[in-house]
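Visitor: Next comes final.cif, mmCIF, C-alpha atoms:
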data_my_file
#
loop_
_atom_site.label_atom_id
_atom_site.label_comp_id
_atom_site.auth_asym_id
_atom_site.auth_seq_id
_atom_site.Cartn_x
_atom_site.Cartn_y
_atom_site.Cartn_z
CA MET W 1 -12.78 -52.98 -44.43
CA GLY W 2 -12.46 -49.97 -42.11
CA GLU W 3 -16.14 -49.20 -41.80
CA GLN W 4 -17.24 -45.82 -40.47
CA LEU W 5 -19.57 -46.46 -37.56
CA PRO W 6 -22.52 -44.14 -37.00
CA SER W 7 -21.43 -41.26 -34.76
CA ARG W 8 -24.54 -41.45 -32.56
CA GLY W 9 -26.57 -44.29 -31.17
CA TRP W 10 -25.50 -47.56 -29.58
CA ARG W 11 -22.27 -49.41 -30.17
CA GLY W 12 -21.75 -52.97 -28.97
CA GLU W 13 -18.98 -55.53 -29.13
CA ALA W 14 -18.85 -59.22 -28.21
CA HIS W 15 -16.46 -62.15 -28.42
CA LEU W 16 -18.68 -65.19 -28.79
CA ALA W 17 -17.71 -68.76 -27.99
CA SER W 18 -17.71 -71.13 -30.97
CA GLU W 19 -20.66 -73.15 -29.73
CA ARG W 20 -24.20 -73.52 -30.96
CA GLY W 21 -26.57 -71.03 -29.38
CA ALA W 22 -23.84 -68.47 -28.63
CA SER W 23 -25.45 -65.92 -30.97
CA ARG W 24 -28.20 -65.30 -28.41
CA GLN W 25 -25.81 -63.39 -26.15
CA PHE W 26 -25.49 -60.78 -28.92
CA THR W 27 -28.85 -60.90 -30.68
CA ASP W 28 -30.90 -60.30 -27.50
CA LEU W 29 -28.99 -57.06 -26.97
CA LEU W 30 -29.24 -56.11 -30.65
CA LEU W 31 -33.02 -56.64 -30.69
CA GLU W 32 -33.44 -54.48 -27.60
CA GLN W 33 -31.42 -51.67 -29.19
CA LEU W 34 -33.25 -51.87 -32.52
CA GLY W 35 -36.55 -51.46 -30.66
CA GLN W 36 -35.21 -48.53 -28.64
CA HIS W 37 -34.04 -46.81 -31.83
CA GLY W 38 -37.45 -47.08 -33.47
CA TRP W 39 -36.85 -49.79 -36.08
CA SER W 40 -40.09 -51.41 -37.25
CA PRO W 41 -40.93 -55.05 -36.46
CA ALA W 42 -40.35 -56.03 -40.12
CA GLU W 43 -36.94 -54.33 -40.16
CA VAL W 44 -36.04 -55.91 -36.81
CA PHE W 45 -36.96 -59.32 -38.24
CA ALA W 46 -34.72 -58.72 -41.28
CA ILE W 47 -31.71 -57.57 -39.25
CA HIS W 48 -32.17 -60.34 -36.69
CA LEU W 49 -32.29 -62.99 -39.41
CA ALA W 50 -29.19 -61.65 -41.18
CA ALA W 51 -27.24 -61.43 -37.90
CA GLU W 52 -28.30 -64.91 -36.83
CA GLU W 53 -27.33 -66.49 -40.15
CA ALA W 54 -23.96 -64.71 -40.24
CA ILE W 55 -23.05 -65.66 -36.67
CA VAL W 56 -24.08 -69.29 -37.14
CA ASN W 57 -22.00 -69.42 -40.34
CA ALA W 58 -19.01 -67.98 -38.45
CA ILE W 59 -19.35 -70.45 -35.57
CA VAL W 60 -20.15 -73.59 -37.56
CA HIS W 61 -18.43 -73.13 -40.94
CA GLY W 62 -15.77 -70.55 -40.02
CA ASN W 63 -14.51 -71.68 -36.62
CA ARG W 64 -15.87 -75.22 -37.07
CA LEU W 65 -17.09 -75.21 -33.46
CA ASP W 66 -13.47 -75.06 -32.24
CA PRO W 67 -13.65 -74.11 -28.54
CA GLY W 68 -10.28 -72.36 -28.87
CA LYS W 69 -11.66 -69.86 -31.39
CA ARG W 70 -13.98 -66.88 -30.98
CA VAL W 71 -16.35 -64.92 -33.16
CA HIS W 72 -15.84 -61.18 -32.91
CA VAL W 73 -18.98 -59.10 -33.37
CA VAL W 74 -19.05 -55.31 -33.57
CA SER W 75 -22.31 -53.49 -34.11
CA ALA W 76 -23.67 -49.98 -34.20
CA VAL W 77 -27.33 -49.02 -34.15
CA SER W 78 -28.70 -45.54 -34.84
CA PRO W 79 -32.24 -44.52 -35.83
CA ASP W 80 -31.41 -44.62 -39.54
CA ARG W 81 -28.54 -47.10 -39.92
CA VAL W 82 -27.35 -50.43 -38.55
CA LEU W 83 -23.87 -51.76 -39.11
CA ILE W 84 -22.75 -55.23 -37.98
CA THR W 85 -19.30 -56.74 -38.52
CA ILE W 86 -18.80 -60.45 -37.80
CA THR W 87 -15.34 -61.98 -37.92
CA ASP W 88 -14.31 -65.56 -37.27
CA GLU W 89 -10.88 -67.17 -36.88
CA GLY W 90 -11.33 -69.67 -39.68
CA ASP W 91 -9.70 -69.97 -43.09
CA GLY W 92 -12.41 -67.95 -44.81
CA PHE W 93 -14.40 -68.81 -47.92
CA ASP W 94 -15.22 -67.36 -51.33
CA PRO W 95 -18.83 -66.14 -51.17
CA SER W 96 -18.99 -65.97 -54.98
CA ARG W 97 -18.65 -69.77 -55.03
CA VAL W 98 -21.69 -70.42 -52.85
CA PRO W 99 -24.17 -72.14 -55.19
CA ASP W 100 -27.47 -70.44 -55.91
CA CYS W 101 -29.93 -72.18 -53.58
CA THR W 102 -32.88 -71.19 -55.78
CA LEU W 103 -31.80 -73.25 -58.79
CA ASP W 104 -34.29 -76.03 -59.50
CA ASP W 105 -31.83 -78.83 -58.72
CA ARG W 106 -30.85 -77.24 -55.37
CA LEU W 107 -34.28 -76.13 -54.19
CA ASP W 108 -34.89 -79.11 -51.95
CA LEU W 109 -31.46 -79.25 -50.31
CA PRO W 110 -31.79 -78.73 -46.57
CA SER W 111 -28.96 -76.17 -46.21
CA GLY W 112 -27.15 -73.37 -48.05
CA ARG W 113 -29.60 -70.45 -47.74
CA GLY W 114 -27.92 -68.28 -45.10
CA VAL W 115 -25.85 -65.99 -47.34
CA MET W 116 -28.74 -65.41 -49.75
CA LEU W 117 -30.99 -64.38 -46.86
CA MET W 118 -28.31 -62.04 -45.50
CA ARG W 119 -28.00 -60.37 -48.92
CA SER W 120 -31.75 -60.09 -49.35
CA PHE W 121 -32.55 -58.67 -45.95
CA MET W 122 -29.72 -56.15 -45.60
CA THR W 123 -28.98 -53.10 -47.75
CA ARG W 124 -25.38 -54.19 -48.26
CA ILE W 125 -23.16 -57.09 -47.26
CA GLU W 126 -19.47 -57.29 -48.04
CA TYR W 127 -16.84 -59.91 -47.24
CA ASN W 128 -13.14 -59.21 -46.76
CA ALA W 129 -10.64 -60.74 -49.20
CA LYS W 130 -9.95 -63.74 -46.94
CA GLY W 131 -13.66 -64.40 -46.51
CA ASN W 132 -13.64 -64.69 -42.72
CA SER W 133 -15.24 -61.31 -41.98
CA VAL W 134 -18.49 -59.81 -43.20
CA VAL W 135 -19.88 -56.31 -42.89
CA MET W 136 -23.63 -55.97 -43.08
CA GLU W 137 -25.41 -52.65 -43.33
CA LYS W 138 -29.08 -51.74 -43.20
CA ILE W 139 -30.20 -48.24 -44.12
CA ARG W 140 -33.65 -47.18 -42.90
CA ALA W 141 -36.06 -47.13 -45.83
CA MET I 1 -42.14 -91.32 -30.45
CA PRO I 2 -40.31 -88.48 -28.65
CA ALA I 3 -42.22 -86.46 -26.04
CA GLN I 4 -43.69 -83.42 -27.76
CA ARG I 5 -42.03 -80.36 -26.36
CA ARG I 6 -41.86 -78.28 -29.55
CA ILE I 7 -45.21 -78.99 -31.19
CA GLU I 8 -48.87 -79.48 -30.35
CA VAL I 9 -50.78 -81.94 -32.50
CA SER I 10 -54.53 -82.16 -33.10
CA LYS I 11 -56.84 -83.74 -35.64
CA VAL I 12 -59.29 -81.81 -37.81
CA LYS I 13 -61.26 -84.23 -39.98
CA ASP I 14 -58.52 -86.49 -41.38
CA VAL I 15 -55.82 -83.84 -41.20
CA THR I 16 -53.09 -83.77 -38.57
CA VAL I 17 -52.70 -80.13 -37.55
CA VAL I 18 -49.37 -79.16 -36.03
CA LYS I 19 -48.88 -75.95 -34.07
CA PHE I 20 -45.51 -74.78 -32.82
CA LEU I 21 -44.88 -74.15 -29.14
CA ASP I 22 -41.89 -71.84 -29.73
CA ARG I 23 -42.44 -68.31 -31.01
CA LYS I 24 -38.86 -68.22 -32.27
CA ILE I 25 -37.35 -71.27 -33.94
CA ILE I 26 -33.66 -70.44 -33.75
CA ASP I 27 -31.44 -72.46 -31.48
CA GLU I 28 -29.87 -75.59 -32.84
CA ALA I 29 -30.91 -77.91 -30.00
CA GLY I 30 -34.52 -76.78 -30.30
CA ILE I 31 -34.48 -77.23 -34.07
CA GLN I 32 -33.07 -80.75 -33.67
CA GLU I 33 -35.87 -81.63 -31.25
CA LEU I 34 -38.45 -80.06 -33.53
CA GLY I 35 -37.18 -82.16 -36.41
CA LEU I 36 -37.38 -85.38 -34.40
CA GLU I 37 -40.93 -84.63 -33.29
CA LEU I 38 -42.07 -83.77 -36.82
CA PHE I 39 -40.34 -86.76 -38.40
CA ALA I 40 -41.93 -89.09 -35.82
CA LEU I 41 -45.38 -88.04 -37.02
CA VAL I 42 -44.54 -89.49 -40.41
CA GLU I 43 -42.15 -92.33 -39.66
CA GLN I 44 -43.60 -93.70 -36.42
CA GLU I 45 -47.26 -92.68 -36.50
CA ASP I 46 -47.79 -92.74 -40.27
CA HIS I 47 -49.72 -89.49 -40.49
CA ARG I 48 -50.37 -88.88 -44.20
CA SER I 49 -52.09 -85.48 -44.24
CA ILE I 50 -50.13 -82.94 -42.23
CA LEU I 51 -50.77 -79.23 -41.89
CA LEU I 52 -48.17 -77.02 -40.23
CA ASN I 53 -49.97 -73.99 -38.78
CA PHE I 54 -47.41 -71.22 -38.23
CA ALA I 55 -49.76 -68.83 -36.41
CA THR I 56 -47.58 -68.75 -33.29
CA VAL I 57 -44.24 -68.47 -35.09
CA GLU I 58 -42.61 -65.03 -35.21
CA PHE I 59 -39.12 -66.01 -36.36
CA LEU I 60 -37.31 -68.92 -37.91
CA SER I 61 -33.78 -69.38 -39.18
CA SER I 62 -32.52 -71.17 -42.28
CA ALA I 63 -31.64 -74.20 -40.12
CA ALA I 64 -35.35 -74.57 -39.40
CA LEU I 65 -36.09 -74.37 -43.14
CA GLY I 66 -33.79 -77.36 -43.56
CA LYS I 67 -35.95 -79.44 -41.20
CA LEU I 68 -39.10 -78.45 -43.08
CA ILE I 69 -37.53 -79.55 -46.36
CA THR I 70 -36.52 -82.90 -44.86
CA LEU I 71 -40.03 -83.31 -43.43
CA ASP I 72 -41.54 -82.58 -46.85
CA ARG I 73 -39.35 -85.29 -48.41
CA LYS I 74 -40.33 -87.81 -45.75
CA VAL I 75 -44.04 -87.05 -46.15
CA LYS I 76 -43.79 -87.45 -49.92
CA SER I 77 -41.89 -90.74 -49.60
CA HIS I 78 -44.74 -92.00 -47.38
CA LYS I 79 -47.21 -90.96 -50.09
CA GLY I 80 -48.59 -88.24 -47.85
CA LYS I 81 -49.31 -84.53 -48.23
CA LEU I 82 -47.81 -81.61 -46.34
CA LYS I 83 -49.31 -78.12 -46.32
CA MET I 84 -48.52 -74.95 -44.41
CA SER I 85 -50.71 -72.06 -43.29
CA ASN I 86 -50.91 -68.87 -41.22
CA ILE I 87 -47.40 -67.74 -42.11
CA ARG I 88 -46.74 -64.12 -41.18
CA PRO I 89 -45.52 -61.78 -43.96
CA GLU I 90 -41.89 -61.56 -42.82
CA ILE I 91 -41.54 -65.34 -42.80
CA LEU I 92 -43.40 -65.61 -46.08
CA ASP I 93 -40.70 -63.30 -47.49
CA VAL I 94 -38.11 -65.90 -46.43
CA PHE I 95 -39.99 -68.62 -48.31
CA GLN I 96 -40.31 -66.41 -51.40
CA ILE I 97 -36.67 -65.24 -51.43
CA THR I 98 -35.45 -68.83 -51.21
CA LYS I 99 -38.20 -69.94 -53.64
CA LEU I 100 -39.34 -72.53 -51.13
CA ASN I 101 -42.87 -71.35 -51.88
CA LYS I 102 -42.43 -73.46 -55.03
CA VAL I 103 -41.57 -76.53 -52.95
CA PHE I 104 -44.19 -76.16 -50.20
CA ASP I 105 -47.96 -75.91 -50.54
CA ILE I 106 -48.63 -72.70 -48.61
CA ARG I 107 -52.19 -71.59 -47.83
CA SER I 108 -53.38 -68.43 -46.16
CA ASP I 109 -55.27 -70.00 -43.24
CA GLU I 110 -56.05 -73.33 -41.63
CA ALA I 111 -59.56 -73.70 -43.07
CA GLU I 112 -58.34 -73.15 -46.63
CA ALA I 113 -55.47 -75.58 -46.13
CA ILE I 114 -57.67 -78.32 -44.66
CA SER I 115 -60.20 -78.05 -47.47
CA ALA I 116 -57.34 -78.40 -49.99
CA PHE I 117 -56.23 -81.87 -48.82
#
Take the structure I supplied and represent it as structure tokens, if you would.
Guide:
Amino acid sequence: MGEQLPSRGWRGEAHLASERGASRQFTDLLLEQLGQHGWSPAEVFAIHLAAEEAIVNAIVHGNRLDPGKRVHVVSAVSPDRVLITITDEGDGFDPSRVPDCTLDDRLDLPSGRGVMLMRSFMTRIEYNAKGNSVVMEKIRA
Amino acid sequence: MPAQRRIEVSKVKDVTVVKFLDRKIIDEAGIQELGLELFALVEQEDHRSILLNFATVEFLSSAALGKLITLDRKVKSHKGKLKMSNIRPEILDVFQITKLNKVFDIRSDEAEAISAF
């Protein structure tokens, strides 16, 4: 996907273990940087939620909690733009085949809302062709 | 029932009011515990009128939404009522985007919710 990272600001990278709760190692740092770069509490909430959902998807559905696999996270935060790339070592998936969780007959299912929340709370999200890597971008309103 | 480490429960009139002890409902183990404690209110203690007061909650993930949906099903199958209140705007956005505001009975504050049972 070859994303152009913001030229100024903070850039972070992490290789997370494929275990529940591993996202915290990254999101704590991300939240600190968003605050330091002046993002509002509502924007921080949105970015945090999208990052959390994407990392959990990568760990649980992508790497299937395989301790031999990692989730690679690259992020850049500037005062007007946030870019986060999350890549797992799984087989990938086709995001266009994720059912719409807001359809009446799916409304009360307990899972399947992560990708919709990522799309809603970020300016742009884009998967690679294999479906094991997602780029999420938020532009300051 | 499990020891309550994730919620605080009180009674207002005939309504069981649940407050959350975690500001952020994110990690899987915590969400599992939260689910067990909420489900016990219905399945072990037979509470029929339950209000979830979200005043303390600043963040929740979609995994937490899953537990709330399961709780709602359990309450309905026990012929009870579940309502929610004091949800901050960012979290209300999550409910609206996912259209869960159509599934849950969401009220602005605790007094309004209690009077609606």
Visitor: Exactly which residues make up the result of the PyMOL selection byres ((chain W) within 6 of (chain I)) on this file, given as a PyMOL selection string?
Guide: chain W and resi 21+102+110-111
Visitor: To one decimal place in Å, what is the distance between atom CA of W:Glu53 and atom CA of W:Val115?
Guide: 7.4 Å
Visitor: Could you name the residues that touch I:Ala111 at 12 Å or less, counting only C-alpha atoms, but leaving out those on the same chain fewer than 6 positions away, as a PyMOL selection string?
Guide: chain I and resi 12-13+15+17+51+53+83-86+117
Visitor: Which polymer residues have any atom within 10 Å of an atom of W:Thr85, counting all atoms listed in the file, with same-chain residues fewer than 2 positions away left out, as a list in words?
Guide: Met1, Glu3, Glu13, Ala51, Ala54, Ile55, His72, Val73, Val74, Ser75, Ala76, Leu83, Thr87, Ile125, Glu126, Tyr127, Ser133, Val134, Val135, Met136 and Glu137 of chain W
Visitor: Between I:Ile25, I:Val42, I:Leu52, I:Ile106, which has the minimum distance to I:Ser77 (counting all atoms listed in the file)?
Guide: I:Val42
Visitor: Quick one: distance from atom CA of I:Ser115 to atom CA of I:Lys76 in Å, one decimal?
Guide: 19.1 Å
Visitor: If I take atom CA of W:Ile86 and atom CA of W:Arg140, how far is one from the other in Å, to one decimal?
Guide: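 Calculated distance between atom CA of W:Ile86 and atom CA of W:Arg140 is 20.6 Å.
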Visitor: Tell me which of W:Asp80, W:Asn63, W:Val71, W:Gly9 sits closest to W:Phe26, counting only C-alpha atoms.
Guide: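 Distance minimum relative to W:Phe26 lands on W:Val71.
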Visitor: When the PyMOL selection byres ((chain W and resi 45) around 9) is applied to the structure above, which residues does it catch, written out as a list of chain:residue names?
Guide: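 Applying the expression gives W:Leu31, W:Ser40, W:Pro41, W:Ala42, W:Glu43, W:Val44, W:Ala46, W:Ile47, W:His48, W:Leu49, W:Ala50, W:Phe121, I:Glu58, I:Phe59, I:Glu90, I:Ile91.
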Visitor: I'd like to know which of I:His78, I:Leu38, I:Ile50, I:Glu45 is closest to I:Asp14, using only C-alpha atoms.
Guide: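 The closest residue to I:Asp14 is I:Ile50.
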Visitor: Neighbouring residues of W:Asp100 were defined as those with any atom within 9 Å, considering all atoms listed in the file; residues of the same chain fewer than 3 positions away were excluded. Please report them as a PyMOL selection string.
Guide: chain W and resi 97+103+106+112-113+116
Visitor: Starting from the sparse input, extend stretch 23-50 of chain W to N, CA and C atoms and give the output as a PDB file, in the frame of the given file.
Guide:
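After the write, selection_33.pdb holds the following:
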ATOM      1  N   SER W  23     -25.001 -67.168 -30.342  1.00  0.00           N
ATOM      2  CA  SER W  23     -25.450 -65.920 -30.970  1.00  0.00           C
ATOM      3  C   SER W  23     -26.420 -65.158 -30.071  1.00  0.00           C
ATOM      4  N   ARG W  24     -27.142 -65.889 -29.250  1.00  0.00           N
ATOM      5  CA  ARG W  24     -28.200 -65.300 -28.410  1.00  0.00           C
ATOM      6  C   ARG W  24     -27.673 -64.165 -27.531  1.00  0.00           C
ATOM      7  N   GLN W  25     -26.449 -64.371 -27.034  1.00  0.00           N
ATOM      8  CA  GLN W  25     -25.810 -63.390 -26.150  1.00  0.00           C
ATOM      9  C   GLN W  25     -25.760 -62.015 -26.844  1.00  0.00           C
ATOM     10  N   PHE W  26     -25.559 -62.031 -28.160  1.00  0.00           N
ATOM     11  CA  PHE W  26     -25.490 -60.780 -28.920  1.00  0.00           C
ATOM     12  C   PHE W  26     -26.857 -60.355 -29.443  1.00  0.00           C
ATOM     13  N   THR W  27     -27.612 -61.303 -29.997  1.00  0.00           N
ATOM     14  CA  THR W  27     -28.850 -60.900 -30.680  1.00  0.00           C
ATOM     15  C   THR W  27     -29.903 -60.351 -29.707  1.00  0.00           C
ATOM     16  N   ASP W  28     -29.941 -60.847 -28.476  1.00  0.00           N
ATOM     17  CA  ASP W  28     -30.900 -60.300 -27.500  1.00  0.00           C
ATOM     18  C   ASP W  28     -30.647 -58.810 -27.289  1.00  0.00           C
ATOM     19  N   LEU W  29     -29.373 -58.453 -27.174  1.00  0.00           N
ATOM     20  CA  LEU W  29     -28.990 -57.060 -26.970  1.00  0.00           C
ATOM     21  C   LEU W  29     -29.305 -56.231 -28.218  1.00  0.00           C
ATOM     22  N   LEU W  30     -28.992 -56.799 -29.376  1.00  0.00           N
ATOM     23  CA  LEU W  30     -29.240 -56.110 -30.650  1.00  0.00           C
ATOM     24  C   LEU W  30     -30.742 -55.822 -30.809  1.00  0.00           C
ATOM     25  N   LEU W  31     -31.574 -56.810 -30.529  1.00  0.00           N
ATOM     26  CA  LEU W  31     -33.020 -56.640 -30.690  1.00  0.00           C
ATOM     27  C   LEU W  31     -33.543 -55.533 -29.771  1.00  0.00           C
ATOM     28  N   GLU W  32     -33.025 -55.512 -28.560  1.00  0.00           N
ATOM     29  CA  GLU W  32     -33.440 -54.480 -27.600  1.00  0.00           C
ATOM     30  C   GLU W  32     -33.078 -53.097 -28.140  1.00  0.00           C
ATOM     31  N   GLN W  33     -31.869 -52.963 -28.677  1.00  0.00           N
ATOM     32  CA  GLN W  33     -31.420 -51.670 -29.190  1.00  0.00           C
ATOM     33  C   GLN W  33     -32.178 -51.251 -30.450  1.00  0.00           C
ATOM     34  N   LEU W  34     -32.491 -52.203 -31.311  1.00  0.00           N
ATOM     35  CA  LEU W  34     -33.250 -51.870 -32.520  1.00  0.00           C
ATOM     36  C   LEU W  34     -34.627 -51.315 -32.134  1.00  0.00           C
ATOM     37  N   GLY W  35     -35.250 -51.949 -31.144  1.00  0.00           N
ATOM     38  CA  GLY W  35     -36.550 -51.460 -30.660  1.00  0.00           C
ATOM     39  C   GLY W  35     -36.422 -50.060 -30.075  1.00  0.00           C
ATOM     40  N   GLN W  36     -35.391 -49.837 -29.280  1.00  0.00           N
ATOM     41  CA  GLN W  36     -35.210 -48.530 -28.640  1.00  0.00           C
ATOM     42  C   GLN W  36     -34.931 -47.432 -29.664  1.00  0.00           C
ATOM     43  N   HIS W  37     -34.352 -47.811 -30.808  1.00  0.00           N
ATOM     44  CA  HIS W  37     -34.040 -46.810 -31.830  1.00  0.00           C
ATOM     45  C   HIS W  37     -35.132 -46.718 -32.897  1.00  0.00           C
ATOM     46  N   GLY W  38     -36.272 -47.312 -32.630  1.00  0.00           N
ATOM     47  CA  GLY W  38     -37.450 -47.080 -33.470  1.00  0.00           C
ATOM     48  C   GLY W  38     -37.533 -47.884 -34.750  1.00  0.00           C
ATOM     49  N   TRP W  39     -36.758 -48.965 -34.865  1.00  0.00           N
ATOM     50  CA  TRP W  39     -36.850 -49.790 -36.080  1.00  0.00           C
ATOM     51  C   TRP W  39     -38.148 -50.587 -36.035  1.00  0.00           C
ATOM     52  N   SER W  40     -38.789 -50.748 -37.186  1.00  0.00           N
ATOM     53  CA  SER W  40     -40.090 -51.410 -37.250  1.00  0.00           C
ATOM     54  C   SER W  40     -39.935 -52.914 -37.034  1.00  0.00           C
ATOM     55  N   PRO W  41     -41.021 -53.597 -36.639  1.00  0.00           N
ATOM     56  CA  PRO W  41     -40.930 -55.050 -36.460  1.00  0.00           C
ATOM     57  C   PRO W  41     -40.410 -55.787 -37.700  1.00  0.00           C
ATOM     58  N   ALA W  42     -40.821 -55.354 -38.900  1.00  0.00           N
ATOM     59  CA  ALA W  42     -40.350 -56.030 -40.120  1.00  0.00           C
ATOM     60  C   ALA W  42     -38.852 -55.817 -40.314  1.00  0.00           C
ATOM     61  N   GLU W  43     -38.377 -54.601 -40.023  1.00  0.00           N
ATOM     62  CA  GLU W  43     -36.940 -54.330 -40.160  1.00  0.00           C
ATOM     63  C   GLU W  43     -36.147 -55.095 -39.085  1.00  0.00           C
ATOM     64  N   VAL W  44     -36.707 -55.166 -37.888  1.00  0.00           N
ATOM     65  CA  VAL W  44     -36.040 -55.910 -36.810  1.00  0.00           C
ATOM     66  C   VAL W  44     -35.928 -57.388 -37.198  1.00  0.00           C
ATOM     67  N   PHE W  45     -36.989 -57.930 -37.775  1.00  0.00           N
ATOM     68  CA  PHE W  45     -36.960 -59.320 -38.240  1.00  0.00           C
ATOM     69  C   PHE W  45     -35.815 -59.512 -39.238  1.00  0.00           C
ATOM     70  N   ALA W  46     -35.728 -58.605 -40.225  1.00  0.00           N
ATOM     71  CA  ALA W  46     -34.720 -58.720 -41.280  1.00  0.00           C
ATOM     72  C   ALA W  46     -33.303 -58.679 -40.708  1.00  0.00           C
ATOM     73  N   ILE W  47     -33.054 -57.732 -39.821  1.00  0.00           N
ATOM     74  CA  ILE W  47     -31.710 -57.570 -39.250  1.00  0.00           C
ATOM     75  C   ILE W  47     -31.374 -58.755 -38.343  1.00  0.00           C
ATOM     76  N   HIS W  48     -32.368 -59.183 -37.575  1.00  0.00           N
ATOM     77  CA  HIS W  48     -32.170 -60.340 -36.690  1.00  0.00           C
ATOM     78  C   HIS W  48     -31.798 -61.582 -37.502  1.00  0.00           C
ATOM     79  N   LEU W  49     -32.538 -61.800 -38.597  1.00  0.00           N
ATOM     80  CA  LEU W  49     -32.290 -62.990 -39.410  1.00  0.00           C
ATOM     81  C   LEU W  49     -30.880 -62.940 -40.011  1.00  0.00           C
ATOM     82  N   ALA W  50     -30.512 -61.783 -40.566  1.00  0.00           N
ATOM     83  CA  ALA W  50     -29.190 -61.650 -41.180  1.00  0.00           C
ATOM     84  C   ALA W  50     -28.083 -61.878 -40.141  1.00  0.00           C
TER      85      ALA W  50
END
